[in-house]
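Below: the structure, in structure tokens.
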Amino acid sequence: MLVLPEHASPEARVCTLAHPRTLTPSRYYFDPDKGLYEFTRITAPKSACRSWLIGRQTRLVSHNEDASSGKAPTTMEKPKPEPAEANDRPISDGYTVKNAEMLIATPIDQLFLLLPSFVDESSAKSSTPKRLFLSADDLLEKLSEKSKHFGHISGHEQTRLVMEQRMGAVCDTVDAGGEKMYRLSDEKLLRELVRKAETIIAKGLPASMEERFIRKALETPVMVVEHSETSVSDATTSRIETPTSESIVSDAVDSQASTASAESTGSALSTTTETTTPEDITPATNESELYHLLRLRTALSYVISSYVPPAIAEPLNTLISSGKSQVDFKLVDERLANIAKMRAEALASRSLGDYSRKRSMYEDDDAAETRAEKKRKKEEEEKKRKASESRGIKDLKKVDTKGMKKMSDFFGKAAAAKKK
Amino acid sequence: MSMTVGECLLCGLQEPYKAVLLEARLEQANLLKKVVDAIKDLVQDCNFDCNDSGVALQAMDNSHVALVSMMLKAESFSPFRCDRNIALGINLTSLMKVLRCAQNEDILTLKAEDAPDVVNLVFESSESDRLSEYDIKLMDIDQEHLGIPETEYAATITMPSAEFQRICRDLMALSESVAIEATKDGVKFSCSGDIGNGAVTLRSHTNVDKPDLNVEIALSEPVALTFSLKYLVNFCKASGLSSTVKLCLSNEVPLLVEYGLASNSYLRFYLAPKIGDEE
């Protein structure tokens, strides 16, 4: 099941190109008028057995919803045609497709496809990663060596123009004899990627990502103050620690901001400075900035890890962590480190043997619960394993095997490969 | 072709079709029952490696001093079909539980799908129309496979399996280990323990009426080795599989105890000799 964009031009093709990150051949949908699309596979979990039933129909009904929610259990009741249709179109016209997969063509920036072309020279001269200026022709040539359909794409006048434009966006260029020469610039590429990441988070991250990378990551172990004797002292100290380390953060940002010129650090500065003065205001504005940064970073690392070739991703990541890029994640880093520290402390203070654990905040509870659950599972497994041992095996455990060599001393493992 | 999804409905198929990869029909469930019964006290979980030549199994006990190697040739089954090599990791205790549900004379069929998570066992009663079907969950077992070379043994003793079992049991009462000495004159099983000592000697013997009771000793050089009796008693649980057992010994090499099965199938046990403390 394929979902392609509407109003495709007659020259639209499905073609095989090397995936930018993995270089494995993957399918893309190319429309000279609209650009390039990658296929996103939407599929139900393997355990749920689903198939498509495809019927013919003259009118487009809003079955789109049905199809896209194909994973939802509601679609189990299968023939749900409106009575009117059922009359004029028997379901027997249709046929079933075994795989309940849906491939959706989603637009992809051609920039990503071009990226691998910048890789080769840097990996070849790995000792000195000096990048050379190359003409667009050379770069495209290199790509068409890797994927045979690439030539077909770059052959289109319009696409070619777009590609060069995209290249220009991430490259330093020089003019040599009337021809433009390109060289990948990490800074420019990063700027481009950050722009993409910003568009991603503008609409909000998908719920699962938000939960996993944002909410979970920024959860602080909240200690209960109005509680039993022992934990109070621990709790208060760690409470106090929060604001103090916050001020360190803002100091760091301060000094950073003087060198950096980008606007995001500027705003970070303005919000953090106010937290230095009072010691107990949980900085709400700072928080939103923090969330924004973390989201941005999550999106950015997602983009990098799924589309950017490893050889290029590496300098990008160092560039990001060096803080010299336009966005400074230092705030996030320090906060995360801080949280990690607090968590460790909370854990340490709790493991001193206290009864307050049960009544601490629920995220702590969750952690404890999962831990207990794990322990229980382990014990259960152990028990099960023991139970599945036959008596003979238990008896053999008592045998004195002193002076007996292991079987592997007699029989080599050499033939293992042959046997398998 | 401009496509839209408008024309699709989803339906869940009740049972997905999956190709059967292995199908092995055994005339008598008894065979597998006995084999598993003999092995299950030595190893807990093991892989049944199935390929077009049959079903093979190799596993070591927990302390890695003994090894069991089973081969059920394709000819032992009728019919036997295995389209691709697969390893079925099975807990033997679980398998035994299921096999106990089969009667000795039942026809047993082993089935597995492609990329299976269960192995399917079907028992058909040869007399009535009773058909029982069981699935056993498979497990991932990471086992090292040892290459066992064909060895020329210095001494090969063939004897009734019941005799071997009796010797092991009797000597077990006295000691933990037995010394097996093979010479031109015969083979001597001797042991000494806290309460005293004992020995059983067998000589070459041919019984015309009952060839199963023959004792044959083929010897190229005398051998004397000591083994753990507990392990040997354990091996003897396979006695029901075959009326004769073959013991192969060479100095400094594991003892091979082999129970031959019909159509070249076999169940073999290897046990490391005790070296050093002769008490």
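FYI, nothing fancy with the structure tokens labels: chains A, B, ... in order, residues from 1 per chain, ligands from 1 as they appear.
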
- Item | Residues of segment 58-117 of chain B in alpha helix (DSSP H), written as an MDAnalysis selection string | chainID B and resid 92:99

Save out the residues we just selected, all heavy atoms, as a PDB file, in the first residue's frame.
ATOM      1  N   LEU B  92      14.376 -29.363  28.316  1.00  0.00           N
ATOM      2  CA  LEU B  92      14.103 -30.791  28.240  1.00  0.00           C
ATOM      3  C   LEU B  92      13.060 -31.247  29.251  1.00  0.00           C
ATOM      4  O   LEU B  92      12.291 -32.169  28.987  1.00  0.00           O
ATOM      5  CB  LEU B  92      15.398 -31.578  28.430  1.00  0.00           C
ATOM      6  CG  LEU B  92      16.378 -31.441  27.261  1.00  0.00           C
ATOM      7  CD1 LEU B  92      17.619 -32.250  27.528  1.00  0.00           C
ATOM      8  CD2 LEU B  92      15.741 -31.877  25.968  1.00  0.00           C
ATOM      9  N   THR B  93      13.028 -30.575  30.389  1.00  0.00           N
ATOM     10  CA  THR B  93      12.015 -30.948  31.371  1.00  0.00           C
ATOM     11  C   THR B  93      10.621 -30.676  30.811  1.00  0.00           C
ATOM     12  O   THR B  93       9.702 -31.474  30.986  1.00  0.00           O
ATOM     13  CB  THR B  93      12.223 -30.159  32.669  1.00  0.00           C
ATOM     14  OG1 THR B  93      13.611 -30.118  32.945  1.00  0.00           O
ATOM     15  CG2 THR B  93      11.525 -30.807  33.812  1.00  0.00           C
ATOM     16  N   SER B  94      10.505 -29.530  30.130  1.00  0.00           N
ATOM     17  CA  SER B  94       9.208 -29.208  29.526  1.00  0.00           C
ATOM     18  C   SER B  94       8.872 -30.217  28.435  1.00  0.00           C
ATOM     19  O   SER B  94       7.725 -30.668  28.324  1.00  0.00           O
ATOM     20  CB  SER B  94       9.233 -27.812  28.914  1.00  0.00           C
ATOM     21  OG  SER B  94       9.941 -26.922  29.705  1.00  0.00           O
ATOM     22  N   LEU B  95       9.874 -30.539  27.652  1.00  0.00           N
ATOM     23  CA  LEU B  95       9.639 -31.494  26.572  1.00  0.00           C
ATOM     24  C   LEU B  95       9.188 -32.832  27.138  1.00  0.00           C
ATOM     25  O   LEU B  95       8.288 -33.476  26.612  1.00  0.00           O
ATOM     26  CB  LEU B  95      10.914 -31.650  25.738  1.00  0.00           C
ATOM     27  CG  LEU B  95      10.852 -32.615  24.561  1.00  0.00           C
ATOM     28  CD1 LEU B  95       9.756 -32.197  23.590  1.00  0.00           C
ATOM     29  CD2 LEU B  95      12.181 -32.684  23.832  1.00  0.00           C
ATOM     30  N   MET B  96       9.827 -33.216  28.232  1.00  0.00           N
ATOM     31  CA  MET B  96       9.488 -34.497  28.836  1.00  0.00           C
ATOM     32  C   MET B  96       8.046 -34.487  29.326  1.00  0.00           C
ATOM     33  O   MET B  96       7.318 -35.465  29.163  1.00  0.00           O
ATOM     34  CB  MET B  96      10.448 -34.761  30.009  1.00  0.00           C
ATOM     35  CG  MET B  96      10.511 -36.219  30.408  1.00  0.00           C
ATOM     36  SD  MET B  96      11.012 -37.257  29.035  1.00  0.00           S
ATOM     37  CE  MET B  96       9.902 -38.625  29.231  1.00  0.00           C
ATOM     38  N   LYS B  97       7.656 -33.353  29.913  1.00  0.00           N
ATOM     39  CA  LYS B  97       6.286 -33.248  30.407  1.00  0.00           C
ATOM     40  C   LYS B  97       5.295 -33.514  29.277  1.00  0.00           C
ATOM     41  O   LYS B  97       4.289 -34.198  29.469  1.00  0.00           O
ATOM     42  CB  LYS B  97       6.046 -31.835  30.957  1.00  0.00           C
ATOM     43  CG  LYS B  97       6.558 -31.669  32.362  1.00  0.00           C
ATOM     44  CD  LYS B  97       6.286 -30.272  32.877  1.00  0.00           C
ATOM     45  CE  LYS B  97       7.001 -30.048  34.192  1.00  0.00           C
ATOM     46  NZ  LYS B  97       7.172 -28.632  34.478  1.00  0.00           N
ATOM     47  N   VAL B  98       5.597 -32.931  28.122  1.00  0.00           N
ATOM     48  CA  VAL B  98       4.688 -33.106  26.997  1.00  0.00           C
ATOM     49  C   VAL B  98       4.772 -34.533  26.461  1.00  0.00           C
ATOM     50  O   VAL B  98       3.758 -35.153  26.147  1.00  0.00           O
ATOM     51  CB  VAL B  98       5.004 -32.072  25.899  1.00  0.00           C
ATOM     52  CG1 VAL B  98       4.262 -32.413  24.627  1.00  0.00           C
ATOM     53  CG2 VAL B  98       4.629 -30.688  26.366  1.00  0.00           C
ATOM     54  N   LEU B  99       5.993 -35.050  26.390  1.00  0.00           N
ATOM     55  CA  LEU B  99       6.147 -36.397  25.837  1.00  0.00           C
ATOM     56  C   LEU B  99       5.455 -37.441  26.707  1.00  0.00           C
ATOM     57  O   LEU B  99       5.024 -38.482  26.220  1.00  0.00           O
ATOM     58  CB  LEU B  99       7.630 -36.738  25.686  1.00  0.00           C
ATOM     59  CG  LEU B  99       8.335 -36.043  24.526  1.00  0.00           C
ATOM     60  CD1 LEU B  99       9.814 -36.340  24.541  1.00  0.00           C
ATOM     61  CD2 LEU B  99       7.729 -36.460  23.203  1.00  0.00           C
TER      62      LEU B  99
END

Could you name the residues that touch Leu296 of chain A at 12 Å or less, counting only C-alpha atoms, but leaving out those on the same chain fewer than 2 positions away, as a compact mmCIF listing (two decimals) with N, CA, C and O atoms, in the first residue's frame?
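Result file is result09.txt:
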# COMPACT_ATOMS: atom_id res chain seq x y z
N LEU A 193 20.71 22.54 9.75
CA LEU A 193 20.07 21.47 10.52
C LEU A 193 19.30 22.03 11.71
O LEU A 193 18.22 21.56 12.04
N VAL A 194 19.90 23.05 12.33
CA VAL A 194 19.21 23.65 13.48
C VAL A 194 17.90 24.26 13.00
O VAL A 194 16.87 24.15 13.66
N ARG A 195 17.95 24.85 11.81
CA ARG A 195 16.72 25.42 11.25
C ARG A 195 15.66 24.32 11.10
O ARG A 195 14.50 24.50 11.43
N LYS A 196 16.12 23.18 10.60
CA LYS A 196 15.19 22.07 10.44
C LYS A 196 14.65 21.61 11.79
O LYS A 196 13.46 21.35 11.95
N ALA A 197 15.55 21.50 12.74
CA ALA A 197 15.13 21.04 14.06
C ALA A 197 14.11 22.01 14.63
O ALA A 197 13.15 21.61 15.29
N GLU A 198 14.33 23.31 14.35
CA GLU A 198 13.38 24.29 14.89
C GLU A 198 12.02 24.11 14.26
O GLU A 198 10.99 24.26 14.93
N THR A 199 11.99 23.78 12.99
CA THR A 199 10.68 23.53 12.37
C THR A 199 10.03 22.30 12.96
O THR A 199 8.81 22.25 13.11
N ILE A 200 10.86 21.33 13.28
CA ILE A 200 10.28 20.12 13.88
C ILE A 200 9.59 20.46 15.18
O ILE A 200 8.43 20.12 15.40
N ILE A 201 10.32 21.17 16.04
CA ILE A 201 9.75 21.38 17.37
C ILE A 201 8.69 22.47 17.35
O ILE A 201 7.94 22.61 18.30
N ALA A 202 8.65 23.23 16.30
CA ALA A 202 7.60 24.25 16.22
C ALA A 202 6.23 23.58 16.31
O ALA A 202 5.29 24.12 16.89
N LYS A 203 6.14 22.41 15.74
CA LYS A 203 4.86 21.69 15.80
C LYS A 203 4.82 20.74 16.99
O LYS A 203 3.86 19.99 17.16
N GLY A 204 5.88 20.74 17.75
CA GLY A 204 5.91 19.85 18.91
C GLY A 204 6.47 18.50 18.54
O GLY A 204 6.24 18.00 17.44
N LEU A 205 7.21 17.92 19.45
CA LEU A 205 7.75 16.59 19.19
C LEU A 205 6.64 15.55 19.30
O LEU A 205 5.65 15.80 19.98
N MET A 209 8.41 10.74 21.96
CA MET A 209 9.73 11.34 22.09
C MET A 209 9.73 12.37 23.21
O MET A 209 10.67 12.47 23.99
N GLU A 210 8.66 13.15 23.26
CA GLU A 210 8.54 14.17 24.28
C GLU A 210 8.65 13.53 25.67
O GLU A 210 9.40 13.98 26.52
N PHE A 213 12.43 11.74 26.05
CA PHE A 213 13.66 12.54 26.04
C PHE A 213 13.53 13.87 26.78
O PHE A 213 14.51 14.46 27.17
N ILE A 214 12.31 14.34 26.91
CA ILE A 214 12.16 15.65 27.53
C ILE A 214 11.70 15.53 28.97
O ILE A 214 12.38 15.94 29.90
N SER A 264 19.80 33.40 20.72
CA SER A 264 19.22 32.46 21.68
C SER A 264 19.98 32.51 23.00
O SER A 264 19.39 32.42 24.06
N GLU A 289 12.69 27.93 28.64
CA GLU A 289 13.85 28.03 27.76
C GLU A 289 14.59 26.69 27.71
O GLU A 289 14.98 26.20 26.66
N LEU A 290 14.70 26.12 28.89
CA LEU A 290 15.39 24.84 29.01
C LEU A 290 14.69 23.77 28.19
O LEU A 290 15.31 23.04 27.41
N TYR A 291 13.38 23.72 28.34
CA TYR A 291 12.61 22.74 27.59
C TYR A 291 12.80 22.94 26.09
O TYR A 291 13.00 21.99 25.34
N HIS A 292 12.76 24.20 25.73
CA HIS A 292 12.92 24.49 24.31
C HIS A 292 14.26 23.99 23.80
O HIS A 292 14.36 23.33 22.77
N LEU A 293 15.29 24.28 24.58
CA LEU A 293 16.63 23.87 24.15
C LEU A 293 16.75 22.36 24.07
O LEU A 293 17.32 21.81 23.13
N LEU A 294 16.19 21.71 25.05
CA LEU A 294 16.32 20.25 25.08
C LEU A 294 15.56 19.63 23.91
O LEU A 294 16.02 18.72 23.25
N THR A 298 17.08 17.42 21.01
CA THR A 298 16.57 16.10 20.68
C THR A 298 16.25 16.00 19.20
O THR A 298 16.65 15.04 18.53
N ALA A 299 15.58 17.02 18.70
CA ALA A 299 15.23 17.01 17.28
C ALA A 299 16.48 17.01 16.42
O ALA A 299 16.59 16.28 15.43
N LEU A 300 17.43 17.82 16.84
CA LEU A 300 18.66 17.95 16.07
C LEU A 300 19.40 16.61 16.03
O LEU A 300 19.84 16.15 14.97
N SER A 301 19.50 15.99 17.18
CA SER A 301 20.24 14.73 17.18
C SER A 301 19.48 13.66 16.43
O SER A 301 20.06 12.76 15.83
N TYR A 302 18.15 13.79 16.42
CA TYR A 302 17.38 12.84 15.63
C TYR A 302 17.68 13.00 14.15
O TYR A 302 17.94 12.04 13.44
N VAL A 303 17.67 14.25 13.71
CA VAL A 303 17.95 14.51 12.29
C VAL A 303 19.34 14.02 11.94
O VAL A 303 19.55 13.33 10.94
N ILE A 320 28.73 20.98 18.08
CA ILE A 320 27.59 21.29 18.96
C ILE A 320 28.04 21.34 20.40
O ILE A 320 27.74 22.27 21.14
N VAL A 327 23.58 27.87 18.52
CA VAL A 327 22.77 27.52 19.67
C VAL A 327 23.68 26.92 20.72
O VAL A 327 24.54 26.11 20.43
N ASP A 328 23.47 27.35 21.92
CA ASP A 328 24.33 26.87 22.98
C ASP A 328 23.53 25.95 23.90
O ASP A 328 22.55 26.38 24.50
N PHE A 329 23.97 24.73 23.97
CA PHE A 329 23.23 23.76 24.78
C PHE A 329 23.82 23.63 26.17
O PHE A 329 23.52 22.70 26.89
N VAL A 332 21.45 23.23 28.99
CA VAL A 332 20.84 21.90 29.08
C VAL A 332 21.83 20.92 29.69
O VAL A 332 21.50 20.16 30.59

- Message: Neighbouring residues of Lys34 of chain A were defined as those with any atom within 12 Å, considering only C-alpha atoms; residues of the same chain fewer than 4 positions away were excluded. Please report them as a PyMOL selection string.
- Response: chain A and resi 4-13+29-30+105-110+156+158-159+162
